[in-house]
Amino acid sequence: MIYAANFKTNHTRSGTKRYLEELQQKISGRNTADRIFVFPPFTALDHYEGDYTLGVQNCYPVRKGAFTGEIGLEQLEEFGIGTILIGHSERRQLLHETQEIVAEKFAFFQQENFEIVYCIGEPLEIREQGDSAVVEYLLAQFDGIDTAYGKLIIAYEPIWAIGTGRSATVGEIASTHKVLRQSVSKPILYGGSVNPSNIAQIVSIDNVDGVLVGSASLSVDSFYALITA
Ligand code: PGA
């Protein structure tokens, strides 16, 4: 299973350091094929060694240059970062990233051989229109994306389930992941209000290869509870 923690705009540099040290203490010596990812904010990036992979939540698709306020590849390389989240719904919605921008980022980081956790997900009004509307909406989020890329992980995150405390139902997750599996032969994570009480059920669903977690990853105890559920 894959367990990914997305801190979003939470935790400081020192808080992240404490978190990663505690996480490492808890997970070291575990003998499993599980993979653990942590996506802290940029300001918390540093050289870390552990049984987890540190990634970034975003990056501008350039090596360096005149892009005020952005972070480029050069700044990630300083810390050996080779993993990125692309297409998170908060960036699509709040930062107005279009499918074109998302695809451009994807192509850039694919070229740079990054591991990419690529996020897709539908808003509530699409979910309410039924399964075929959902599938059509989700597949359109693969426009311009090379889904055959070797270092790709998909994260399905229904927007209405993110940070709302209302996870998708087992049936919704199962049917959506099944359809996605027919189009992409990559690991597929579920995200959206995953927590210590629903994790066991979610990871037991067919075609769920792991979880991408926001709120319930912010405390190391809670994230560790997910990993060991
Ligand atoms: P949540 O966020 O776990 O707080 O719902 C998930 C995500 O946005 O990745």
# chains A, B, ... in the order shown; residues from 1 in each chain; ligands from 1
call {"tool": "residues_near_ligand", "arguments": {"ligand": "ligand 1", "cutoff": "9 Å", "atoms": "only C-alpha atoms and all ligand atoms", "output": "PyMOL selection string"}}
result
chain A and resi 4-8+88-90+119+155+157+159-167+190-195+211-217
call {"tool": "write_last_selection", "arguments": {"atoms": "N, CA and C atoms", "output": "compact mmCIF listing (two decimals), in the first residue's frame"}}
result
# COMPACT_ATOMS: atom_id res chain seq x y z
N ALA A 4 0.27 8.48 1.60
CA ALA A 4 0.85 9.78 1.29
C ALA A 4 0.21 10.87 2.14
N ALA A 5 1.07 11.66 2.77
CA ALA A 5 0.62 12.76 3.64
C ALA A 5 0.80 14.08 2.91
N ASN A 6 -0.29 14.79 2.70
CA ASN A 6 -0.24 16.10 2.06
C ASN A 6 -0.48 17.16 3.13
N PHE A 7 0.60 17.85 3.53
CA PHE A 7 0.46 18.84 4.61
C PHE A 7 -0.26 20.10 4.16
N LYS A 8 -0.33 20.33 2.84
CA LYS A 8 -0.92 21.59 2.31
C LYS A 8 -0.18 22.77 2.96
N HIS A 88 -3.63 18.73 -8.06
CA HIS A 88 -4.52 18.71 -6.89
C HIS A 88 -5.68 19.69 -7.11
N SER A 89 -6.86 19.31 -6.66
CA SER A 89 -8.05 20.13 -6.95
C SER A 89 -7.95 21.52 -6.33
N GLU A 90 -7.23 21.64 -5.21
CA GLU A 90 -7.09 22.98 -4.63
C GLU A 90 -6.31 23.90 -5.56
N CYS A 119 -3.27 14.03 -9.50
CA CYS A 119 -4.58 14.04 -8.85
C CYS A 119 -5.71 14.39 -9.82
N ALA A 155 -4.02 9.72 -8.10
CA ALA A 155 -4.80 9.89 -6.86
C ALA A 155 -6.19 10.37 -7.24
N GLU A 157 -9.46 11.86 -6.04
CA GLU A 157 -9.94 12.60 -4.87
C GLU A 157 -11.20 13.38 -5.24
N ILE A 159 -13.77 16.02 -5.08
CA ILE A 159 -13.58 17.33 -4.45
C ILE A 159 -14.48 17.51 -3.24
N TRP A 160 -15.68 16.97 -3.33
CA TRP A 160 -16.65 17.12 -2.25
C TRP A 160 -16.30 16.30 -1.02
N ALA A 161 -15.28 15.44 -1.16
CA ALA A 161 -14.87 14.63 -0.01
C ALA A 161 -13.60 15.18 0.64
N ILE A 162 -12.99 16.18 0.02
CA ILE A 162 -11.72 16.69 0.54
C ILE A 162 -11.95 17.67 1.69
N GLY A 163 -11.41 17.33 2.84
CA GLY A 163 -11.46 18.23 3.99
C GLY A 163 -12.86 18.45 4.54
N THR A 164 -13.81 17.63 4.12
CA THR A 164 -15.20 17.85 4.52
C THR A 164 -15.63 16.87 5.62
N GLY A 165 -14.81 15.87 5.87
CA GLY A 165 -15.20 14.85 6.82
C GLY A 165 -16.16 13.84 6.21
N ARG A 166 -16.53 14.06 4.95
CA ARG A 166 -17.44 13.14 4.28
C ARG A 166 -16.70 12.39 3.18
N SER A 167 -16.19 11.23 3.52
CA SER A 167 -15.49 10.41 2.54
C SER A 167 -16.50 9.87 1.52
N TYR A 190 -6.80 6.57 -3.22
CA TYR A 190 -8.02 7.31 -2.94
C TYR A 190 -7.67 8.43 -1.97
N GLY A 191 -8.30 9.59 -2.13
CA GLY A 191 -8.13 10.69 -1.17
C GLY A 191 -9.44 11.41 -0.95
N GLY A 192 -9.61 11.92 0.26
CA GLY A 192 -10.83 12.66 0.61
C GLY A 192 -11.36 12.15 1.93
N SER A 193 -10.99 12.87 3.02
CA SER A 193 -11.47 12.53 4.37
C SER A 193 -11.14 11.10 4.80
N VAL A 194 -9.97 10.64 4.38
CA VAL A 194 -9.49 9.36 4.93
C VAL A 194 -9.06 9.63 6.37
N ASN A 195 -9.45 8.74 7.29
CA ASN A 195 -9.10 8.93 8.70
C ASN A 195 -8.94 7.56 9.37
N VAL A 211 -3.60 5.58 -0.18
CA VAL A 211 -4.40 6.77 0.16
C VAL A 211 -3.53 8.02 0.14
N LEU A 212 -4.18 9.12 -0.22
CA LEU A 212 -3.57 10.46 -0.13
C LEU A 212 -4.37 11.19 0.94
N VAL A 213 -3.68 11.65 1.99
CA VAL A 213 -4.37 12.12 3.18
C VAL A 213 -3.94 13.54 3.54
N GLY A 214 -4.91 14.40 3.77
CA GLY A 214 -4.63 15.76 4.24
C GLY A 214 -4.78 15.83 5.75
N SER A 215 -5.97 16.23 6.20
CA SER A 215 -6.22 16.49 7.63
C SER A 215 -5.67 15.42 8.58
N ALA A 216 -5.97 14.15 8.28
CA ALA A 216 -5.59 13.08 9.20
C ALA A 216 -4.11 12.73 9.12
N SER A 217 -3.36 13.44 8.27
CA SER A 217 -1.91 13.20 8.23
C SER A 217 -1.16 14.25 9.03
call {"tool": "residues_around", "arguments": {"residues": "A:Glu22", "least_positions_apart": "3", "cutoff": "12 Å", "atoms": "only C-alpha atoms", "output": "mmCIF file with all heavy atoms, in the first residue's frame"}}
result
data_model
loop_
_atom_site.group_PDB
_atom_site.id
_atom_site.type_symbol
_atom_site.label_atom_id
_atom_site.label_comp_id
_atom_site.auth_asym_id
_atom_site.auth_seq_id
_atom_site.Cartn_x
_atom_site.Cartn_y
_atom_site.Cartn_z
ATOM 1 N N GLY A 15 8.385 22.283 12.841
ATOM 2 C CA GLY A 15 7.326 21.291 13.076
ATOM 3 C C GLY A 15 7.468 20.094 12.145
ATOM 4 O O GLY A 15 7.258 18.946 12.547
ATOM 5 N N THR A 16 7.854 20.369 10.923
ATOM 6 C CA THR A 16 8.038 19.281 9.948
ATOM 7 C C THR A 16 9.220 18.402 10.344
ATOM 8 O O THR A 16 9.164 17.171 10.246
ATOM 9 C CB THR A 16 8.255 19.865 8.533
ATOM 10 O OG1 THR A 16 7.106 20.638 8.186
ATOM 11 C CG2 THR A 16 8.465 18.773 7.506
ATOM 12 N N LYS A 17 10.260 19.061 10.837
ATOM 13 C CA LYS A 17 11.462 18.314 11.261
ATOM 14 C C LYS A 17 11.085 17.348 12.398
ATOM 15 O O LYS A 17 11.414 16.155 12.348
ATOM 16 C CB LYS A 17 12.529 19.305 11.727
ATOM 17 C CG LYS A 17 13.840 18.680 12.117
ATOM 18 C CD LYS A 17 14.907 19.778 12.250
ATOM 19 C CE LYS A 17 16.275 19.208 12.521
ATOM 20 N NZ LYS A 17 16.472 18.777 13.899
ATOM 21 N N ARG A 18 10.355 17.867 13.380
ATOM 22 C CA ARG A 18 9.930 17.015 14.504
ATOM 23 C C ARG A 18 9.057 15.862 14.004
ATOM 24 O O ARG A 18 9.198 14.719 14.408
ATOM 25 C CB ARG A 18 9.109 17.838 15.517
ATOM 26 C CG ARG A 18 9.938 18.497 16.605
ATOM 27 C CD ARG A 18 9.041 18.947 17.766
ATOM 28 N NE ARG A 18 7.911 19.779 17.360
ATOM 29 C CZ ARG A 18 7.991 21.089 17.129
ATOM 30 N NH1 ARG A 18 9.150 21.725 17.265
ATOM 31 N NH2 ARG A 18 6.924 21.776 16.754
ATOM 32 N N TYR A 19 8.140 16.196 13.114
ATOM 33 C CA TYR A 19 7.223 15.199 12.549
ATOM 34 C C TYR A 19 8.002 14.080 11.869
ATOM 35 O O TYR A 19 7.767 12.893 12.119
ATOM 36 C CB TYR A 19 6.303 15.908 11.552
ATOM 37 C CG TYR A 19 5.226 15.057 10.912
ATOM 38 C CD1 TYR A 19 3.885 15.241 11.243
ATOM 39 C CD2 TYR A 19 5.536 14.098 9.938
ATOM 40 C CE1 TYR A 19 2.881 14.481 10.646
ATOM 41 C CE2 TYR A 19 4.539 13.340 9.338
ATOM 42 C CZ TYR A 19 3.220 13.541 9.689
ATOM 43 O OH TYR A 19 2.242 12.785 9.088
ATOM 44 N N GLN A 25 11.113 7.287 13.591
ATOM 45 C CA GLN A 25 11.243 6.408 14.766
ATOM 46 C C GLN A 25 10.173 5.326 14.748
ATOM 47 O O GLN A 25 10.414 4.176 15.069
ATOM 48 C CB GLN A 25 11.080 7.205 16.053
ATOM 49 C CG GLN A 25 12.370 7.791 16.568
ATOM 50 C CD GLN A 25 12.129 8.753 17.725
ATOM 51 O OE1 GLN A 25 11.056 8.743 18.331
ATOM 52 N NE2 GLN A 25 13.110 9.568 18.016
ATOM 53 N N LYS A 26 8.966 5.732 14.354
ATOM 54 C CA LYS A 26 7.861 4.783 14.378
ATOM 55 C C LYS A 26 7.974 3.749 13.259
ATOM 56 O O LYS A 26 7.653 2.585 13.447
ATOM 57 C CB LYS A 26 6.524 5.530 14.238
ATOM 58 C CG LYS A 26 6.128 6.341 15.449
ATOM 59 C CD LYS A 26 4.839 7.108 15.150
ATOM 60 C CE LYS A 26 4.450 8.087 16.242
ATOM 61 N NZ LYS A 26 4.020 7.451 17.487
ATOM 62 N N ILE A 27 8.403 4.187 12.067
ATOM 63 C CA ILE A 27 8.342 3.261 10.926
ATOM 64 C C ILE A 27 9.633 2.486 10.702
ATOM 65 O O ILE A 27 9.636 1.521 9.938
ATOM 66 C CB ILE A 27 7.955 3.972 9.605
ATOM 67 C CG1 ILE A 27 8.999 5.027 9.211
ATOM 68 C CG2 ILE A 27 6.557 4.566 9.695
ATOM 69 C CD1 ILE A 27 8.714 5.705 7.871
ATOM 70 N N SER A 28 10.729 2.901 11.358
ATOM 71 C CA SER A 28 11.991 2.227 11.037
ATOM 72 C C SER A 28 11.912 0.776 11.497
ATOM 73 O O SER A 28 11.332 0.463 12.531
ATOM 74 C CB SER A 28 13.183 2.941 11.664
ATOM 75 O OG SER A 28 13.217 2.667 13.026
ATOM 76 N N GLY A 50 15.216 8.816 5.430
ATOM 77 C CA GLY A 50 14.275 8.009 6.197
ATOM 78 C C GLY A 50 13.599 7.000 5.308
ATOM 79 O O GLY A 50 13.842 6.960 4.093
ATOM 80 N N ASP A 51 12.736 6.199 5.904
ATOM 81 C CA ASP A 51 12.030 5.165 5.152
ATOM 82 C C ASP A 51 10.755 5.734 4.550
ATOM 83 O O ASP A 51 9.696 5.110 4.610
ATOM 84 C CB ASP A 51 11.713 3.972 6.067
ATOM 85 C CG ASP A 51 12.984 3.384 6.641
ATOM 86 O OD1 ASP A 51 13.970 3.287 5.889
ATOM 87 O OD2 ASP A 51 13.006 3.052 7.845
ATOM 88 N N SER A 219 -1.175 15.091 12.192
ATOM 89 C CA SER A 219 -0.542 14.599 13.413
ATOM 90 C C SER A 219 0.144 13.286 13.063
ATOM 91 O O SER A 219 -0.422 12.437 12.362
ATOM 92 C CB SER A 219 -1.581 14.419 14.530
ATOM 93 O OG SER A 219 -1.680 13.062 14.903
ATOM 94 N N VAL A 220 1.356 13.152 13.532
ATOM 95 C CA VAL A 220 2.134 11.960 13.186
ATOM 96 C C VAL A 220 1.481 10.707 13.770
ATOM 97 O O VAL A 220 1.496 9.641 13.150
ATOM 98 C CB VAL A 220 3.618 12.138 13.591
ATOM 99 C CG1 VAL A 220 3.793 12.154 15.087
ATOM 100 C CG2 VAL A 220 4.488 11.089 12.953
ATOM 101 N N ASP A 221 0.846 10.843 14.934
ATOM 102 C CA ASP A 221 0.173 9.685 15.526
ATOM 103 C C ASP A 221 -0.977 9.217 14.649
ATOM 104 O O ASP A 221 -1.186 8.021 14.436
ATOM 105 C CB ASP A 221 -0.363 10.017 16.924
ATOM 106 C CG ASP A 221 0.767 10.155 17.935
ATOM 107 O OD1 ASP A 221 1.861 9.597 17.674
ATOM 108 O OD2 ASP A 221 0.571 10.838 18.951
ATOM 109 N N PHE A 223 -1.349 9.818 11.372
ATOM 110 C CA PHE A 223 -0.839 9.274 10.111
ATOM 111 C C PHE A 223 -0.296 7.861 10.328
ATOM 112 O O PHE A 223 -0.543 6.959 9.532
ATOM 113 C CB PHE A 223 0.250 10.202 9.535
ATOM 114 C CG PHE A 223 0.721 9.815 8.152
ATOM 115 C CD1 PHE A 223 -0.183 9.521 7.129
ATOM 116 C CD2 PHE A 223 2.078 9.755 7.842
ATOM 117 C CE1 PHE A 223 0.255 9.171 5.841
ATOM 118 C CE2 PHE A 223 2.522 9.410 6.575
ATOM 119 C CZ PHE A 223 1.608 9.126 5.576
ATOM 120 N N TYR A 224 0.409 7.673 11.442
ATOM 121 C CA TYR A 224 0.959 6.350 11.733
ATOM 122 C C TYR A 224 -0.175 5.337 11.971
ATOM 123 O O TYR A 224 -0.080 4.170 11.596
ATOM 124 C CB TYR A 224 1.894 6.421 12.947
ATOM 125 C CG TYR A 224 2.562 5.103 13.235
ATOM 126 C CD1 TYR A 224 3.467 4.537 12.331
ATOM 127 C CD2 TYR A 224 2.278 4.406 14.417
ATOM 128 C CE1 TYR A 224 4.059 3.321 12.588
ATOM 129 C CE2 TYR A 224 2.879 3.189 14.681
ATOM 130 C CZ TYR A 224 3.765 2.638 13.759
ATOM 131 O OH TYR A 224 4.354 1.432 14.010
#
call {"tool": "residues_around", "arguments": {"residues": "stretch 125-142 of chain A", "least_positions_apart": "3", "cutoff": "10 Å", "atoms": "only C-alpha atoms", "output": "list of chain:residue names"}}
result
A:Gly87, A:Thr98, A:Gln99, A:Glu100, A:Val102, A:Ala103, A:Tyr118, A:Cys119, A:Ile120, A:Gly121, A:Glu122, A:Ile145, A:Asp146, A:Thr147, A:Tyr156, A:Pro158, A:Ile159, A:Trp160, A:Glu172, A:Ser175, A:Thr176, A:Val179, A:Leu180, A:Ser183, A:Val184
call {"tool": "write_last_selection", "arguments": {"atoms": "N, CA and C atoms", "output": "PDB file, in the first residue's frame"}}
result
ATOM      1  N   GLY A  87      -1.788  18.534 -10.138  1.00  0.00           N
ATOM      2  CA  GLY A  87      -3.222  18.478 -10.455  1.00  0.00           C
ATOM      3  C   GLY A  87      -4.147  18.429  -9.253  1.00  0.00           C
ATOM      4  N   THR A  98      -5.435  25.330 -15.157  1.00  0.00           N
ATOM      5  CA  THR A  98      -6.248  24.667 -16.177  1.00  0.00           C
ATOM      6  C   THR A  98      -5.634  23.307 -16.501  1.00  0.00           C
ATOM      7  N   GLN A  99      -6.377  22.492 -17.246  1.00  0.00           N
ATOM      8  CA  GLN A  99      -5.850  21.201 -17.680  1.00  0.00           C
ATOM      9  C   GLN A  99      -4.573  21.402 -18.506  1.00  0.00           C
ATOM     10  N   GLU A 100      -4.540  22.503 -19.261  1.00  0.00           N
ATOM     11  CA  GLU A 100      -3.372  22.790 -20.098  1.00  0.00           C
ATOM     12  C   GLU A 100      -2.125  23.043 -19.226  1.00  0.00           C
ATOM     13  N   VAL A 102      -1.707  22.094 -16.105  1.00  0.00           N
ATOM     14  CA  VAL A 102      -1.419  20.857 -15.392  1.00  0.00           C
ATOM     15  C   VAL A 102      -0.634  19.900 -16.306  1.00  0.00           C
ATOM     16  N   ALA A 103      -1.065  19.816 -17.558  1.00  0.00           N
ATOM     17  CA  ALA A 103      -0.405  18.925 -18.527  1.00  0.00           C
ATOM     18  C   ALA A 103       1.017  19.409 -18.831  1.00  0.00           C
ATOM     19  N   TYR A 118      -0.393  12.144  -9.588  1.00  0.00           N
ATOM     20  CA  TYR A 118      -1.273  12.982 -10.406  1.00  0.00           C
ATOM     21  C   TYR A 118      -2.715  12.878  -9.898  1.00  0.00           C
ATOM     22  N   CYS A 119      -3.265  14.028  -9.498  1.00  0.00           N
ATOM     23  CA  CYS A 119      -4.579  14.037  -8.847  1.00  0.00           C
ATOM     24  C   CYS A 119      -5.709  14.386  -9.817  1.00  0.00           C
ATOM     25  N   ILE A 120      -6.786  13.652  -9.690  1.00  0.00           N
ATOM     26  CA  ILE A 120      -7.994  13.927 -10.450  1.00  0.00           C
ATOM     27  C   ILE A 120      -9.179  13.846  -9.477  1.00  0.00           C
ATOM     28  N   GLY A 121     -10.293  14.458  -9.856  1.00  0.00           N
ATOM     29  CA  GLY A 121     -11.460  14.365  -8.978  1.00  0.00           C
ATOM     30  C   GLY A 121     -12.575  15.264  -9.475  1.00  0.00           C
ATOM     31  N   GLU A 122     -13.806  14.862  -9.183  1.00  0.00           N
ATOM     32  CA  GLU A 122     -14.956  15.594  -9.703  1.00  0.00           C
ATOM     33  C   GLU A 122     -15.625  16.435  -8.611  1.00  0.00           C
ATOM     34  N   ILE A 145      -1.989  14.093 -20.705  1.00  0.00           N
ATOM     35  CA  ILE A 145      -1.190  13.393 -19.689  1.00  0.00           C
ATOM     36  C   ILE A 145      -0.758  12.029 -20.234  1.00  0.00           C
ATOM     37  N   ASP A 146       0.513  11.715 -20.128  1.00  0.00           N
ATOM     38  CA  ASP A 146       1.010  10.421 -20.580  1.00  0.00           C
ATOM     39  C   ASP A 146       0.770   9.392 -19.475  1.00  0.00           C
ATOM     40  N   THR A 147      -0.362   8.720 -19.564  1.00  0.00           N
ATOM     41  CA  THR A 147      -0.729   7.788 -18.489  1.00  0.00           C
ATOM     42  C   THR A 147       0.087   6.487 -18.543  1.00  0.00           C
ATOM     43  N   TYR A 156      -7.175   9.524  -6.943  1.00  0.00           N
ATOM     44  CA  TYR A 156      -8.571   9.921  -7.189  1.00  0.00           C
ATOM     45  C   TYR A 156      -9.101  10.580  -5.917  1.00  0.00           C
ATOM     46  N   PRO A 158     -12.370  12.839  -4.937  1.00  0.00           N
ATOM     47  CA  PRO A 158     -13.589  13.601  -5.201  1.00  0.00           C
ATOM     48  C   PRO A 158     -13.554  14.908  -4.401  1.00  0.00           C
ATOM     49  N   ILE A 159     -13.774  16.016  -5.078  1.00  0.00           N
ATOM     50  CA  ILE A 159     -13.575  17.335  -4.454  1.00  0.00           C
ATOM     51  C   ILE A 159     -14.485  17.511  -3.240  1.00  0.00           C
ATOM     52  N   TRP A 160     -15.685  16.966  -3.333  1.00  0.00           N
ATOM     53  CA  TRP A 160     -16.651  17.116  -2.253  1.00  0.00           C
ATOM     54  C   TRP A 160     -16.297  16.297  -1.021  1.00  0.00           C
ATOM     55  N   GLU A 172     -18.950   4.022  -4.083  1.00  0.00           N
ATOM     56  CA  GLU A 172     -18.473   5.080  -4.995  1.00  0.00           C
ATOM     57  C   GLU A 172     -16.987   4.901  -5.295  1.00  0.00           C
ATOM     58  N   SER A 175     -16.506   1.633  -7.552  1.00  0.00           N
ATOM     59  CA  SER A 175     -16.903   1.721  -8.960  1.00  0.00           C
ATOM     60  C   SER A 175     -16.010   2.699  -9.717  1.00  0.00           C
ATOM     61  N   THR A 176     -15.604   3.778  -9.072  1.00  0.00           N
ATOM     62  CA  THR A 176     -14.753   4.757  -9.762  1.00  0.00           C
ATOM     63  C   THR A 176     -13.359   4.172 -10.009  1.00  0.00           C
ATOM     64  N   VAL A 179     -13.329   1.709 -12.930  1.00  0.00           N
ATOM     65  CA  VAL A 179     -13.324   2.340 -14.251  1.00  0.00           C
ATOM     66  C   VAL A 179     -11.947   2.936 -14.554  1.00  0.00           C
ATOM     67  N   LEU A 180     -11.351   3.571 -13.541  1.00  0.00           N
ATOM     68  CA  LEU A 180     -10.023   4.172 -13.763  1.00  0.00           C
ATOM     69  C   LEU A 180      -9.002   3.097 -14.102  1.00  0.00           C
ATOM     70  N   SER A 183      -8.567   2.266 -17.621  1.00  0.00           N
ATOM     71  CA  SER A 183      -7.858   3.209 -18.492  1.00  0.00           C
ATOM     72  C   SER A 183      -6.390   3.358 -18.147  1.00  0.00           C
ATOM     73  N   VAL A 184      -6.011   3.136 -16.896  1.00  0.00           N
ATOM     74  CA  VAL A 184      -4.608   3.305 -16.511  1.00  0.00           C
ATOM     75  C   VAL A 184      -4.135   2.126 -15.663  1.00  0.00           C
TER      76      VAL A 184
END
call {"tool": "atom_distance", "arguments": {"atom1": "atom CA of A:Asp46", "atom2": "atom CA of A:Glu74"}}
result
13.6 Å
call {"tool": "residues_around", "arguments": {"residues": "A:Leu54", "least_positions_apart": "4", "cutoff": "10 Å", "atoms": "only C-alpha atoms", "output": "list in words"}}
result
Ala4, Ala5, Leu20, Ile36, Phe37, Val38, Phe39, Pro40, Leu45, Asp46, His47, Tyr48, Glu49, Gly50, Phe79, Gly80, Ile81, Gly82, Thr83 and Ile84 of chain A
call {"tool": "select_by_dssp", "arguments": {"residues": "stretch 43-133 of chain A", "states": "helix (DSSP H, G or I)", "output": "short mmCIF file (atom, residue, chain, number, x, y, z; two decimals) with N, CA and C atoms, in the first residue's frame"}}
result
data_model
loop_
_atom_site.label_atom_id
_atom_site.label_comp_id
_atom_site.auth_asym_id
_atom_site.auth_seq_id
_atom_site.Cartn_x
_atom_site.Cartn_y
_atom_site.Cartn_z
N THR A 43 8.85 25.61 2.46
CA THR A 43 9.79 26.20 3.44
C THR A 43 10.35 25.14 4.37
N ALA A 44 9.75 23.97 4.39
CA ALA A 44 10.21 22.90 5.29
C ALA A 44 11.16 21.94 4.59
N LEU A 73 13.01 23.84 -10.52
CA LEU A 73 13.72 22.57 -10.35
C LEU A 73 15.02 22.72 -9.56
N GLU A 74 15.72 23.83 -9.83
CA GLU A 74 17.00 24.03 -9.15
C GLU A 74 16.83 24.02 -7.62
N GLN A 75 15.73 24.61 -7.15
CA GLN A 75 15.51 24.66 -5.71
C GLN A 75 15.13 23.28 -5.14
N LEU A 76 14.56 22.44 -5.98
CA LEU A 76 14.22 21.09 -5.51
C LEU A 76 15.46 20.19 -5.51
N GLU A 77 16.27 20.38 -6.53
CA GLU A 77 17.48 19.55 -6.64
C GLU A 77 18.40 19.74 -5.45
N SER A 89 -6.86 19.31 -6.66
CA SER A 89 -8.05 20.13 -6.95
C SER A 89 -7.95 21.52 -6.33
N GLU A 90 -7.23 21.64 -5.21
CA GLU A 90 -7.09 22.98 -4.63
C GLU A 90 -6.31 23.90 -5.56
N ARG A 91 -5.34 23.34 -6.27
CA ARG A 91 -4.60 24.16 -7.24
C ARG A 91 -5.45 24.40 -8.50
N ARG A 92 -6.18 23.39 -8.90
CA ARG A 92 -7.03 23.59 -10.08
C ARG A 92 -8.07 24.67 -9.78
N GLN A 93 -8.68 24.61 -8.59
CA GLN A 93 -9.78 25.51 -8.29
C GLN A 93 -9.32 26.87 -7.76
N LEU A 94 -8.49 26.86 -6.71
CA LEU A 94 -8.12 28.11 -6.06
C LEU A 94 -7.04 28.87 -6.81
N GLN A 99 -6.38 22.49 -17.25
CA GLN A 99 -5.85 21.20 -17.68
C GLN A 99 -4.57 21.40 -18.51
N GLU A 100 -4.54 22.50 -19.26
CA GLU A 100 -3.37 22.79 -20.10
C GLU A 100 -2.13 23.04 -19.23
N ILE A 101 -2.31 23.83 -18.17
CA ILE A 101 -1.18 24.13 -17.27
C ILE A 101 -0.73 22.85 -16.55
N VAL A 102 -1.71 22.09 -16.10
CA VAL A 102 -1.42 20.86 -15.39
C VAL A 102 -0.63 19.90 -16.31
N ALA A 103 -1.06 19.82 -17.56
CA ALA A 103 -0.40 18.92 -18.53
C ALA A 103 1.02 19.41 -18.83
N GLU A 104 1.18 20.71 -18.83
CA GLU A 104 2.52 21.27 -19.09
C GLU A 104 3.46 20.91 -17.93
N LYS A 105 2.95 21.04 -16.71
CA LYS A 105 3.77 20.66 -15.54
C LYS A 105 4.11 19.18 -15.60
N PHE A 106 3.10 18.39 -15.95
CA PHE A 106 3.31 16.94 -16.01
C PHE A 106 4.43 16.62 -17.00
N ALA A 107 4.36 17.21 -18.19
CA ALA A 107 5.34 16.92 -19.24
C ALA A 107 6.74 17.33 -18.78
N PHE A 108 6.82 18.47 -18.12
CA PHE A 108 8.13 18.95 -17.65
C PHE A 108 8.73 17.98 -16.63
N PHE A 109 7.93 17.59 -15.65
CA PHE A 109 8.48 16.73 -14.58
C PHE A 109 8.64 15.28 -15.03
N GLN A 110 7.90 14.89 -16.02
CA GLN A 110 8.12 13.58 -16.64
C GLN A 110 9.49 13.58 -17.33
N GLN A 111 9.74 14.64 -18.07
CA GLN A 111 11.02 14.81 -18.76
C GLN A 111 12.18 14.76 -17.76
N LEU A 124 -19.04 18.16 -6.74
CA LEU A 124 -20.30 17.56 -6.33
C LEU A 124 -21.36 17.58 -7.44
N GLU A 125 -21.44 18.69 -8.18
CA GLU A 125 -22.50 18.76 -9.20
C GLU A 125 -22.33 17.70 -10.28
N ILE A 126 -21.09 17.28 -10.52
CA ILE A 126 -20.87 16.22 -11.51
C ILE A 126 -21.25 14.87 -10.89
N ARG A 127 -20.85 14.65 -9.65
CA ARG A 127 -21.20 13.39 -8.97
C ARG A 127 -22.72 13.22 -8.95
N ASP A 131 -22.94 8.25 -12.67
CA ASP A 131 -21.65 7.62 -12.96
C ASP A 131 -21.03 8.00 -14.29
N SER A 132 -21.86 8.10 -15.34
CA SER A 132 -21.21 8.34 -16.63
C SER A 132 -20.69 9.77 -16.72
N ALA A 133 -21.36 10.72 -16.06
CA ALA A 133 -20.85 12.10 -16.01
C ALA A 133 -19.53 12.15 -15.24
#
call {"tool": "closest_residue", "arguments": {"among": "A:Asp143, A:Ile173, A:Arg30, A:Ile116", "to": "A:Cys59", "atoms": "only C-alpha atoms"}}
result
A:Ile116
call {"tool": "residues_around", "arguments": {"residues": "A:Arg35", "least_positions_apart": "6", "cutoff": "10 Å", "atoms": "only C-alpha atoms", "output": "VMD selection string"}}
result
chain A and resid 1 to 4 51 to 53 210 227
call {"tool": "write_last_selection", "arguments": {"atoms": "N, CA, C and O atoms", "output": "tab-separated table (two decimals), in the first residue's frame"}}
result
chain	number	residue	atom	x	y	z
A	1	MET	N	0.83	-1.20	0.00
A	1	MET	CA	0.00	0.00	0.00
A	1	MET	C	0.87	1.26	0.00
A	1	MET	O	2.00	1.24	0.48
A	2	ILE	N	0.29	2.31	-0.50
A	2	ILE	CA	0.97	3.61	-0.52
A	2	ILE	C	0.23	4.53	0.43
A	2	ILE	O	-1.01	4.63	0.37
A	3	TYR	N	0.96	5.19	1.32
A	3	TYR	CA	0.37	6.14	2.25
A	3	TYR	C	1.04	7.48	2.02
A	3	TYR	O	2.25	7.61	2.22
A	4	ALA	N	0.27	8.48	1.60
A	4	ALA	CA	0.85	9.78	1.29
A	4	ALA	C	0.21	10.87	2.14
A	4	ALA	O	-1.01	10.95	2.23
A	51	ASP	N	12.74	6.20	5.90
A	51	ASP	CA	12.03	5.16	5.15
A	51	ASP	C	10.75	5.73	4.55
A	51	ASP	O	9.70	5.11	4.61
A	52	TYR	N	10.86	6.94	4.08
A	52	TYR	CA	9.73	7.61	3.43
A	52	TYR	C	10.31	8.44	2.29
A	52	TYR	O	11.53	8.67	2.24
A	53	THR	N	9.45	8.89	1.42
A	53	THR	CA	9.88	9.73	0.30
A	53	THR	C	9.32	11.13	0.51
A	53	THR	O	8.12	11.28	0.75
A	210	GLY	N	-3.75	2.60	-2.26
A	210	GLY	CA	-3.22	3.43	-1.19
A	210	GLY	C	-4.10	4.65	-1.00
A	210	GLY	O	-5.18	4.74	-1.60
A	227	ILE	N	-1.21	4.13	8.65
A	227	ILE	CA	-0.23	3.22	8.04
A	227	ILE	C	-0.34	1.82	8.64
A	227	ILE	O	-0.15	0.83	7.96
call {"tool": "select_by_dssp", "arguments": {"residues": "stretch 169-202 of chain A", "states": "strand (DSSP E or B)", "output": "list in words"}}
result
Ile188, Leu189, Tyr190 and Gly191 of chain A
call {"tool": "atom_distance", "arguments": {"atom1": "atom CA of A:Leu152", "atom2": "atom CA of A:Pro61"}}
result
17.0 Å
call {"tool": "atom_distance", "arguments": {"atom1": "atom CA of A:Pro123", "atom2": "atom CA of A:Ala168"}}
result
12.1 Å
